[in-house]
file target.pdb (PDB, C-alpha atoms)
MODEL        1
ATOM      1  CA  MET I   1     -18.499  32.355  43.512
ATOM      2  CA  LYS I   2     -21.281  29.781  43.774
ATOM      3  CA  ARG I   3     -18.797  27.046  42.887
ATOM      4  CA  CYS I   4     -16.571  28.127  45.771
ATOM      5  CA  TYR I   5     -19.450  27.607  48.233
ATOM      6  CA  HIS I   6     -20.035  24.117  46.882
ATOM      7  CA  ILE I   7     -16.379  23.264  47.386
ATOM      8  CA  LEU I   8     -16.440  24.643  50.946
ATOM      9  CA  ILE I   9     -19.580  22.658  51.775
ATOM     10  CA  LEU I  10     -18.027  19.511  50.296
ATOM     11  CA  CYS I  11     -14.836  20.024  52.338
ATOM     12  CA  PHE I  12     -16.885  20.571  55.504
ATOM     13  CA  MET I  13     -18.868  17.351  54.909
ATOM     14  CA  LEU I  14     -15.658  15.408  54.330
ATOM     15  CA  LEU I  15     -14.223  16.717  57.596
ATOM     16  CA  LEU I  16     -17.334  15.622  59.476
ATOM     17  CA  ASN I  17     -17.214  12.132  57.966
ATOM     18  CA  SER I  18     -13.504  11.624  58.572
ATOM     19  CA  GLY I  19     -13.597  12.683  62.205
ATOM     20  CA  THR I  20     -13.069  10.223  64.988
ATOM     21  CA  TYR I  21     -15.438   9.560  67.826
ATOM     22  CA  PHE I  22     -14.811   7.425  70.873
ATOM     23  CA  TYR I  23     -17.620   5.824  72.844
ATOM     24  CA  GLU I  24     -16.322   6.163  76.364
ATOM     25  CA  TYR I  25     -17.976   3.957  78.940
ATOM     26  CA  GLN I  26     -18.655   5.804  82.194
ATOM     27  CA  GLY I  27     -20.334   3.088  84.303
ATOM     28  CA  ASP I  28     -19.040   0.483  86.690
ATOM     29  CA  ILE I  29     -16.552  -2.059  85.403
ATOM     30  CA  GLN I  30     -16.318  -5.403  87.130
ATOM     31  CA  THR I  31     -13.341  -7.662  87.359
ATOM     32  CA  LEU I  32     -14.541 -11.195  86.788
ATOM     33  CA  VAL I  33     -12.734 -14.445  87.314
ATOM     34  CA  CYS I  34     -12.567 -16.094  83.907
ATOM     35  CA  VAL I  35     -12.381 -19.874  83.736
ATOM     36  CA  LEU I  36     -11.288 -21.598  80.524
ATOM     37  CA  ARG I  37     -11.544 -25.347  80.115
ATOM     38  CA  TYR I  38      -9.325 -26.458  77.258
ATOM     39  CA  GLN I  39      -7.779 -29.821  76.411
ATOM     40  CA  GLY I  40      -8.371 -31.265  79.860
ATOM     41  CA  LYS I  41      -6.852 -28.269  81.657
ATOM     42  CA  ILE I  42      -8.463 -25.426  83.557
ATOM     43  CA  TYR I  43      -7.038 -21.909  83.207
ATOM     44  CA  THR I  44      -8.107 -18.876  85.239
ATOM     45  CA  PHE I  45      -7.702 -15.218  84.327
ATOM     46  CA  ASP I  46      -8.964 -11.829  85.459
ATOM     47  CA  LEU I  47     -11.335 -10.293  82.947
ATOM     48  CA  GLN I  48     -12.775  -6.787  82.970
ATOM     49  CA  SER I  49     -16.397  -6.562  81.913
ATOM     50  CA  PHE I  50     -19.524  -4.458  82.099
ATOM     51  CA  TYR I  51     -23.192  -4.928  81.343
ATOM     52  CA  ASN I  52     -24.967  -2.477  79.038
ATOM     53  CA  ASN I  53     -28.008  -4.548  77.975
ATOM     54  CA  GLN I  54     -25.335  -6.975  76.728
ATOM     55  CA  TYR I  55     -22.024  -8.042  78.242
ATOM     56  CA  TYR I  56     -18.865  -6.335  77.028
ATOM     57  CA  ILE I  57     -15.385  -7.743  77.566
ATOM     58  CA  SER I  58     -11.983  -6.085  77.389
ATOM     59  CA  LEU I  59     -10.022  -6.987  74.259
ATOM     60  CA  ASN I  60      -6.867  -6.280  76.225
ATOM     61  CA  ASP I  61      -7.778  -9.012  78.716
ATOM     62  CA  MET I  62      -8.719 -11.524  76.013
ATOM     63  CA  TYR I  63      -5.150 -11.881  74.735
ATOM     64  CA  PRO I  64      -3.794 -14.304  77.404
ATOM     65  CA  ILE I  65      -6.996 -16.336  77.132
ATOM     66  CA  LEU I  66      -6.651 -16.698  73.366
ATOM     67  CA  LYS I  67      -2.932 -17.378  73.706
ATOM     68  CA  SER I  68      -3.834 -20.372  75.892
ATOM     69  CA  ILE I  69      -6.035 -21.729  73.102
ATOM     70  CA  ASP I  70      -3.661 -20.997  70.207
ATOM     71  CA  GLN I  71       0.062 -20.209  70.659
ATOM     72  CA  ASN I  72       0.163 -18.426  67.264
ATOM     73  CA  VAL I  73      -2.259 -15.653  68.286
ATOM     74  CA  SER I  74      -0.804 -12.172  68.152
ATOM     75  CA  MET I  75      -2.205  -8.808  69.155
ATOM     76  CA  TYR I  76      -0.961  -5.262  68.799
ATOM     77  CA  HIS I  77      -2.221  -1.731  69.208
ATOM     78  CA  ASN I  78      -2.177   0.232  65.955
ATOM     79  CA  HIS I  79      -1.909   3.853  67.109
ATOM     80  CA  LYS I  80      -2.119   5.182  63.551
ATOM     81  CA  ASP I  81      -5.621   3.759  63.033
ATOM     82  CA  ASP I  82      -6.704   3.849  66.696
ATOM     83  CA  SER I  83      -7.315   0.133  66.653
ATOM     84  CA  ILE I  84      -6.431  -3.165  68.263
ATOM     85  CA  VAL I  85      -5.444  -5.853  65.795
ATOM     86  CA  TYR I  86      -5.675  -9.587  66.461
ATOM     87  CA  ASN I  87      -4.099 -12.174  64.165
ATOM     88  CA  ILE I  88      -5.794 -15.522  64.706
ATOM     89  CA  LYS I  89      -5.433 -18.603  62.507
ATOM     90  CA  ASN I  90      -4.424 -16.694  59.357
ATOM     91  CA  GLU I  91      -7.236 -14.182  59.859
ATOM     92  CA  THR I  92      -6.848 -10.536  60.862
ATOM     93  CA  TYR I  93      -9.420  -8.710  62.960
ATOM     94  CA  GLN I  94      -9.000  -4.966  63.342
ATOM     95  CA  PHE I  95     -11.122  -3.326  66.049
ATOM     96  CA  GLU I  96     -11.160   0.354  65.005
ATOM     97  CA  TYR I  97     -12.463   1.983  68.141
ATOM     98  CA  SER I  98     -12.138   5.524  66.762
ATOM     99  CA  LYS I  99     -14.483   4.658  63.878
ATOM    100  CA  ASP I 100     -16.668   2.187  65.785
ATOM    101  CA  LYS I 101     -15.992  -0.517  63.189
ATOM    102  CA  ILE I 102     -14.560  -3.991  62.989
ATOM    103  CA  LYS I 103     -12.581  -5.021  59.954
ATOM    104  CA  GLN I 104     -12.183  -8.710  59.177
ATOM    105  CA  GLY I 105      -9.718  -9.115  56.341
ATOM    106  CA  LYS I 106     -10.954  -6.569  53.784
ATOM    107  CA  GLN I 107     -14.568  -6.565  54.943
ATOM    108  CA  TYR I 108     -16.048  -4.125  57.460
ATOM    109  CA  LEU I 109     -18.718  -4.905  60.017
ATOM    110  CA  TYR I 110     -20.369  -1.744  61.317
ATOM    111  CA  TYR I 111     -21.454  -1.628  64.933
ATOM    112  CA  PRO I 112     -24.226   0.980  64.606
ATOM    113  CA  LYS I 113     -26.259  -1.425  62.435
ATOM    114  CA  ASN I 114     -26.124  -3.961  65.282
ATOM    115  CA  ASN I 115     -26.787  -1.415  68.052
ATOM    116  CA  PHE I 116     -23.444  -2.289  69.620
ATOM    117  CA  HIS I 117     -20.439  -0.045  69.990
ATOM    118  CA  ILE I 118     -16.769  -0.395  70.738
ATOM    119  CA  TYR I 119     -16.191   1.285  74.095
ATOM    120  CA  ILE I 120     -13.068   2.762  75.646
ATOM    121  CA  SER I 121     -12.527   2.947  79.388
ATOM    122  CA  HIS I 122      -9.288   3.348  81.341
ATOM    123  CA  LYS I 123      -7.060   2.428  78.360
ATOM    124  CA  ASN I 124      -9.050  -0.751  77.649
ATOM    125  CA  VAL I 125     -11.104  -1.479  74.550
ATOM    126  CA  TYR I 126     -14.406  -3.290  75.140
ATOM    127  CA  VAL I 127     -16.486  -5.234  72.621
ATOM    128  CA  ASN I 128     -19.700  -7.189  72.914
ATOM    129  CA  VAL I 129     -19.371 -10.841  73.961
ATOM    130  CA  PHE I 130     -21.163 -11.800  70.728
ATOM    131  CA  PHE I 131     -18.192 -10.544  68.702
ATOM    132  CA  ILE I 132     -15.717 -12.273  71.003
ATOM    133  CA  GLU I 133     -17.484 -15.576  70.350
ATOM    134  CA  LYS I 134     -17.968 -14.958  66.641
ATOM    135  CA  MET I 135     -14.586 -13.632  65.672
ATOM    136  CA  LEU I 136     -11.974 -14.348  68.263
ATOM    137  CA  ILE I 137     -13.113 -17.807  69.259
ATOM    138  CA  ASN I 138     -14.972 -18.564  65.983
ATOM    139  CA  TYR I 139     -17.927 -20.106  67.847
ATOM    140  CA  GLN I 140     -15.741 -22.986  69.016
ATOM    141  CA  LYS I 141     -16.312 -21.718  72.538
ATOM    142  CA  ILE I 142     -19.049 -19.690  74.184
ATOM    143  CA  VAL I 143     -18.785 -17.213  77.034
ATOM    144  CA  LYS I 144     -21.210 -17.625  79.942
ATOM    145  CA  ILE I 145     -21.226 -15.031  82.689
ATOM    146  CA  GLN I 146     -22.682 -16.233  85.987
ATOM    147  CA  ASN I 147     -22.196 -14.954  89.540
ATOM    148  CA  LYS I 148     -19.230 -12.696  88.714
ATOM    149  CA  THR I 149     -17.523 -15.529  86.858
ATOM    150  CA  ALA I 150     -16.963 -15.761  83.108
ATOM    151  CA  ILE I 151     -16.867 -19.355  81.921
ATOM    152  CA  ILE I 152     -15.493 -20.111  78.463
ATOM    153  CA  GLU I 153     -16.511 -23.583  77.331
TER     154      GLU I 153
ENDMDL
END

call {"tool": "encode", "arguments": {"input": "target.pdb", "output": "structure tokens"}}
result
Amino acid sequence: MKRCYHILILCFMLLLNSGTYFYEYQGDIQTLVCVLRYQGKIYTFDLQSFYNNQYYISLNDMYPILKSIDQNVSMYHNHKDDSIVYNIKNETYQFEYSKDKIKQGKQYLYYPKNNFHIYISHKNVYVNVFFIEKMLINYQKIVKIQNKTAIIE
């Protein structure tokens, strides 16, 4: 009988750990004009963003920007894992918004350790600008946000 309780407690703990949780952003979201200077050309895009002690940018909006930089970029929504997956220069980045994690190749980076989260709002997935620069642009470009304009240089 005591063994049965241990099994039930173990099953309950596993259910709690395997559950999904979405950080839903409830504040104001701005639409910024995004300017990209690349190879002597200037591109402009609309970019959804919000400020929560740090700037967050929509991964959905980043796709045409990254496509301008590299024609081989691909992105898809993996409904099975509740994630957005970017393939950039032979590297795969999986933004698992239901687990609040980023997977790069086989390695996980956990947001809670960095005090950042992956947010959902109106069918868009938002990540901190730091991760956009680090992973998606690989520090080749930085994102400056000034006067309702995002400048990628």

call {"tool": "closest_residue", "arguments": {"input": "target.pdb", "among": "I:Gln94, I:Ser121, I:Ile132, I:Ile137", "to": "Asp70 of chain I", "atoms": "all atoms listed in the file"}}
result
I:Ile137

call {"tool": "resolve_selection", "arguments": {"input": "target.pdb", "expression": "the PyMOL selection byres ((chain I and resi 24) around 6)", "output": "PyMOL selection string"}}
result
chain I and resi 22-23+25+119-121

call {"tool": "closest_residue", "arguments": {"input": "target.pdb", "among": "I:Ile102, I:Leu109, I:Cys34, I:Ala150", "to": "Asp81 of chain I", "atoms": "all atoms listed in the file"}}
result
I:Ile102

call {"tool": "resolve_selection", "arguments": {"input": "target.pdb", "expression": "the PyMOL selection byres ((chain I and resi 145) around 10)", "output": "mmCIF file with C-alpha atoms, in the frame of the given file"}}
result
data_model
loop_
_atom_site.group_PDB
_atom_site.id
_atom_site.type_symbol
_atom_site.label_atom_id
_atom_site.label_comp_id
_atom_site.auth_asym_id
_atom_site.auth_seq_id
_atom_site.Cartn_x
_atom_site.Cartn_y
_atom_site.Cartn_z
ATOM 1 C CA LEU I 32 -14.541 -11.195 86.788
ATOM 2 C CA VAL I 33 -12.734 -14.445 87.314
ATOM 3 C CA CYS I 34 -12.567 -16.094 83.907
ATOM 4 C CA SER I 49 -16.397 -6.562 81.913
ATOM 5 C CA TYR I 55 -22.024 -8.042 78.242
ATOM 6 C CA VAL I 129 -19.371 -10.841 73.961
ATOM 7 C CA ILE I 142 -19.049 -19.690 74.184
ATOM 8 C CA VAL I 143 -18.785 -17.213 77.034
ATOM 9 C CA LYS I 144 -21.210 -17.625 79.942
ATOM 10 C CA GLN I 146 -22.682 -16.233 85.987
ATOM 11 C CA ASN I 147 -22.196 -14.954 89.540
ATOM 12 C CA LYS I 148 -19.230 -12.696 88.714
ATOM 13 C CA THR I 149 -17.523 -15.529 86.858
ATOM 14 C CA ALA I 150 -16.963 -15.761 83.108
ATOM 15 C CA ILE I 151 -16.867 -19.355 81.921
ATOM 16 C CA ILE I 152 -15.493 -20.111 78.463
#

call {"tool": "closest_residue", "arguments": {"input": "target.pdb", "among": "I:Leu47, I:Val127, I:Ile118, I:Met75", "to": "Ile29 of chain I", "atoms": "all atoms listed in the file"}}
result
I:Leu47

call {"tool": "atom_distance", "arguments": {"input": "target.pdb", "atom1": "atom CA of Phe131 of chain I", "atom2": "atom CA of Tyr108 of chain I"}}
result
13.1 Å

call {"tool": "residues_near_point", "arguments": {"input": "target.pdb", "point": "(-9.1, -3.0, 79.9)", "cutoff": "8 Å", "atoms": "all atoms listed in the file", "output": "number ranges by chain"}}
result
I: 48, 58-61, 121-126

call {"tool": "axis_aligned_box", "arguments": {"input": "target.pdb", "around": "segment 117-127 of chain I", "padding_each_side": "8 Å", "output": "JSON"}}
result
{"center_x": -13.7, "center_y": -0.9, "center_z": 75.7, "size_x": 29.4, "size_y": 24.6, "size_z": 27.4}

call {"tool": "residues_around", "arguments": {"input": "target.pdb", "residues": "Thr92 of chain I", "least_positions_apart": "4", "cutoff": "12 Å", "atoms": "only C-alpha atoms", "output": "PyMOL selection string"}}
result
chain I and resi 73-76+84-88+102-108+135-136

call {"tool": "atom_distance", "arguments": {"input": "target.pdb", "atom1": "atom CA of Gln140 of chain I", "atom2": "atom CA of Ser83 of chain I"}}
result
24.7 Å

call {"tool": "closest_residue", "arguments": {"input": "target.pdb", "among": "I:His117, I:Lys141, I:Arg37, I:Lys80", "to": "Asn52 of chain I", "atoms": "only C-alpha atoms"}}
result
I:His117

call {"tool": "residues_around", "arguments": {"input": "target.pdb", "residues": "Ile42 of chain I", "least_positions_apart": "2", "cutoff": "12 Å", "atoms": "only C-alpha atoms", "output": "PyMOL selection string"}}
result
chain I and resi 34-40+44-45+65+68-69+151-153

call {"tool": "atom_distance", "arguments": {"input": "target.pdb", "atom1": "atom CA of Asn90 of chain I", "atom2": "atom CA of Glu133 of chain I"}}
result
17.1 Å

call {"tool": "decode", "arguments": {"input": "target.pdb", "residues": "segment 7-121 of chain I", "atoms": "C-alpha atoms", "output": "PDB file, in the first residue's frame"}}
result
ATOM      1  CA  ILE I   7       3.990   5.644  -7.374  1.00  0.00           C
ATOM      2  CA  LEU I   8       1.036   8.061  -7.276  1.00  0.00           C
ATOM      3  CA  ILE I   9       3.235  10.860  -5.925  1.00  0.00           C
ATOM      4  CA  LEU I  10       5.849  10.150  -8.602  1.00  0.00           C
ATOM      5  CA  CYS I  11       3.185  10.226 -11.343  1.00  0.00           C
ATOM      6  CA  PHE I  12       1.800  13.505  -9.982  1.00  0.00           C
ATOM      7  CA  MET I  13       5.283  15.097  -9.967  1.00  0.00           C
ATOM      8  CA  LEU I  14       5.891  13.945 -13.534  1.00  0.00           C
ATOM      9  CA  LEU I  15       2.603  15.492 -14.644  1.00  0.00           C
ATOM     10  CA  LEU I  16       3.548  18.802 -13.042  1.00  0.00           C
ATOM     11  CA  ASN I  17       6.961  18.824 -14.721  1.00  0.00           C
ATOM     12  CA  SER I  18       5.659  17.883 -18.158  1.00  0.00           C
ATOM     13  CA  GLY I  19       2.919  20.495 -18.219  1.00  0.00           C
ATOM     14  CA  THR I  20       3.073  23.458 -20.514  1.00  0.00           C
ATOM     15  CA  TYR I  21       2.898  27.064 -19.476  1.00  0.00           C
ATOM     16  CA  PHE I  22       2.628  30.078 -21.729  1.00  0.00           C
ATOM     17  CA  TYR I  23       3.794  33.520 -20.666  1.00  0.00           C
ATOM     18  CA  GLU I  24       1.151  35.699 -22.233  1.00  0.00           C
ATOM     19  CA  TYR I  25       2.023  39.355 -22.561  1.00  0.00           C
ATOM     20  CA  GLN I  26      -0.892  41.619 -21.643  1.00  0.00           C
ATOM     21  CA  GLY I  27       0.629  45.096 -22.133  1.00  0.00           C
ATOM     22  CA  ASP I  28       0.828  47.454 -25.058  1.00  0.00           C
ATOM     23  CA  ILE I  29       2.538  46.265 -28.216  1.00  0.00           C
ATOM     24  CA  GLN I  30       4.042  48.827 -30.539  1.00  0.00           C
ATOM     25  CA  THR I  31       4.536  48.556 -34.240  1.00  0.00           C
ATOM     26  CA  LEU I  32       7.955  49.939 -35.041  1.00  0.00           C
ATOM     27  CA  VAL I  33       9.465  50.796 -38.372  1.00  0.00           C
ATOM     28  CA  CYS I  34      12.500  48.558 -38.732  1.00  0.00           C
ATOM     29  CA  VAL I  35      15.382  49.754 -40.881  1.00  0.00           C
ATOM     30  CA  LEU I  36      18.030  47.298 -42.080  1.00  0.00           C
ATOM     31  CA  ARG I  37      21.179  48.482 -43.803  1.00  0.00           C
ATOM     32  CA  TYR I  38      22.760  45.592 -45.666  1.00  0.00           C
ATOM     33  CA  GLN I  39      25.196  45.482 -48.576  1.00  0.00           C
ATOM     34  CA  GLY I  40      24.630  49.101 -49.535  1.00  0.00           C
ATOM     35  CA  LYS I  41      20.834  48.779 -49.523  1.00  0.00           C
ATOM     36  CA  ILE I  42      18.242  49.972 -47.043  1.00  0.00           C
ATOM     37  CA  TYR I  43      15.254  47.742 -46.257  1.00  0.00           C
ATOM     38  CA  THR I  44      12.248  48.734 -44.146  1.00  0.00           C
ATOM     39  CA  PHE I  45       9.832  46.439 -42.336  1.00  0.00           C
ATOM     40  CA  ASP I  46       7.116  46.647 -39.702  1.00  0.00           C
ATOM     41  CA  LEU I  47       8.188  45.059 -36.443  1.00  0.00           C
ATOM     42  CA  GLN I  48       6.052  44.394 -33.382  1.00  0.00           C
ATOM     43  CA  SER I  49       7.781  45.035 -30.083  1.00  0.00           C
ATOM     44  CA  PHE I  50       7.233  45.770 -26.422  1.00  0.00           C
ATOM     45  CA  TYR I  51       9.341  46.936 -23.516  1.00  0.00           C
ATOM     46  CA  ASN I  52       9.390  44.913 -20.295  1.00  0.00           C
ATOM     47  CA  ASN I  53      12.644  46.155 -18.704  1.00  0.00           C
ATOM     48  CA  GLN I  54      14.178  44.875 -21.958  1.00  0.00           C
ATOM     49  CA  TYR I  55      12.951  45.059 -25.544  1.00  0.00           C
ATOM     50  CA  TYR I  56      11.166  42.043 -26.985  1.00  0.00           C
ATOM     51  CA  ILE I  57      10.665  41.483 -30.703  1.00  0.00           C
ATOM     52  CA  SER I  58       8.263  39.226 -32.571  1.00  0.00           C
ATOM     53  CA  LEU I  59       9.929  36.147 -34.057  1.00  0.00           C
ATOM     54  CA  ASN I  60       7.173  36.104 -36.650  1.00  0.00           C
ATOM     55  CA  ASP I  61       8.217  39.563 -37.853  1.00  0.00           C
ATOM     56  CA  MET I  62      11.928  38.709 -37.903  1.00  0.00           C
ATOM     57  CA  TYR I  63      11.587  36.234 -40.777  1.00  0.00           C
ATOM     58  CA  PRO I  64      11.473  38.728 -43.709  1.00  0.00           C
ATOM     59  CA  ILE I  65      14.327  40.672 -42.119  1.00  0.00           C
ATOM     60  CA  LEU I  66      16.520  37.581 -41.865  1.00  0.00           C
ATOM     61  CA  LYS I  67      15.489  36.483 -45.349  1.00  0.00           C
ATOM     62  CA  SER I  68      16.895  39.786 -46.641  1.00  0.00           C
ATOM     63  CA  ILE I  69      20.240  38.981 -45.020  1.00  0.00           C
ATOM     64  CA  ASP I  70      20.392  35.302 -46.014  1.00  0.00           C
ATOM     65  CA  GLN I  71      18.190  33.742 -48.735  1.00  0.00           C
ATOM     66  CA  ASN I  72      18.649  30.257 -47.201  1.00  0.00           C
ATOM     67  CA  VAL I  73      16.883  31.114 -43.922  1.00  0.00           C
ATOM     68  CA  SER I  74      13.794  29.061 -43.222  1.00  0.00           C
ATOM     69  CA  MET I  75      11.219  29.233 -40.460  1.00  0.00           C
ATOM     70  CA  TYR I  76       8.277  27.067 -39.508  1.00  0.00           C
ATOM     71  CA  HIS I  77       5.847  26.630 -36.658  1.00  0.00           C
ATOM     72  CA  ASN I  78       6.115  23.218 -35.007  1.00  0.00           C
ATOM     73  CA  HIS I  79       2.654  22.685 -33.508  1.00  0.00           C
ATOM     74  CA  LYS I  80       3.659  19.373 -31.931  1.00  0.00           C
ATOM     75  CA  ASP I  81       6.297  21.019 -29.719  1.00  0.00           C
ATOM     76  CA  ASP I  82       4.635  24.452 -29.493  1.00  0.00           C
ATOM     77  CA  SER I  83       7.690  26.078 -30.979  1.00  0.00           C
ATOM     78  CA  ILE I  84       8.985  28.242 -33.788  1.00  0.00           C
ATOM     79  CA  VAL I  85      11.996  26.802 -35.562  1.00  0.00           C
ATOM     80  CA  TYR I  86      14.541  28.846 -37.506  1.00  0.00           C
ATOM     81  CA  ASN I  87      17.166  27.250 -39.744  1.00  0.00           C
ATOM     82  CA  ILE I  88      20.022  29.690 -40.254  1.00  0.00           C
ATOM     83  CA  LYS I  89      23.413  28.891 -41.778  1.00  0.00           C
ATOM     84  CA  ASN I  90      23.313  25.160 -40.969  1.00  0.00           C
ATOM     85  CA  GLU I  91      22.171  25.861 -37.410  1.00  0.00           C
ATOM     86  CA  THR I  92      18.728  25.143 -35.965  1.00  0.00           C
ATOM     87  CA  TYR I  93      17.149  27.301 -33.281  1.00  0.00           C
ATOM     88  CA  GLN I  94      13.958  26.024 -31.690  1.00  0.00           C
ATOM     89  CA  PHE I  95      12.024  28.551 -29.593  1.00  0.00           C
ATOM     90  CA  GLU I  96       9.824  26.335 -27.383  1.00  0.00           C
ATOM     91  CA  TYR I  97       7.366  28.857 -26.048  1.00  0.00           C
ATOM     92  CA  SER I  98       5.320  26.261 -24.145  1.00  0.00           C
ATOM     93  CA  LYS I  99       8.399  25.258 -22.125  1.00  0.00           C
ATOM     94  CA  ASP I 100      10.030  28.701 -22.029  1.00  0.00           C
ATOM     95  CA  LYS I 101      13.237  27.298 -23.531  1.00  0.00           C
ATOM     96  CA  ILE I 102      15.446  27.809 -26.533  1.00  0.00           C
ATOM     97  CA  LYS I 103      17.150  24.848 -28.121  1.00  0.00           C
ATOM     98  CA  GLN I 104      20.215  25.422 -30.278  1.00  0.00           C
ATOM     99  CA  GLY I 105      21.160  22.177 -31.968  1.00  0.00           C
ATOM    100  CA  LYS I 106      21.076  19.676 -29.089  1.00  0.00           C
ATOM    101  CA  GLN I 107      21.766  22.206 -26.345  1.00  0.00           C
ATOM    102  CA  TYR I 108      19.095  23.996 -24.309  1.00  0.00           C
ATOM    103  CA  LEU I 109      19.273  27.548 -23.033  1.00  0.00           C
ATOM    104  CA  TYR I 110      16.781  28.148 -20.232  1.00  0.00           C
ATOM    105  CA  TYR I 111      15.126  31.534 -19.982  1.00  0.00           C
ATOM    106  CA  PRO I 112      14.346  31.505 -16.243  1.00  0.00           C
ATOM    107  CA  LYS I 113      18.086  31.525 -15.443  1.00  0.00           C
ATOM    108  CA  ASN I 114      18.407  34.741 -17.469  1.00  0.00           C
ATOM    109  CA  ASN I 115      15.221  36.340 -16.095  1.00  0.00           C
ATOM    110  CA  PHE I 116      13.807  36.483 -19.614  1.00  0.00           C
ATOM    111  CA  HIS I 117      10.811  34.626 -20.949  1.00  0.00           C
ATOM    112  CA  ILE I 118       9.327  33.758 -24.294  1.00  0.00           C
ATOM    113  CA  TYR I 119       6.022  35.617 -24.519  1.00  0.00           C
ATOM    114  CA  ILE I 120       2.921  34.961 -26.591  1.00  0.00           C
ATOM    115  CA  SER I 121       0.551  37.711 -27.663  1.00  0.00           C
TER     116      SER I 121
END
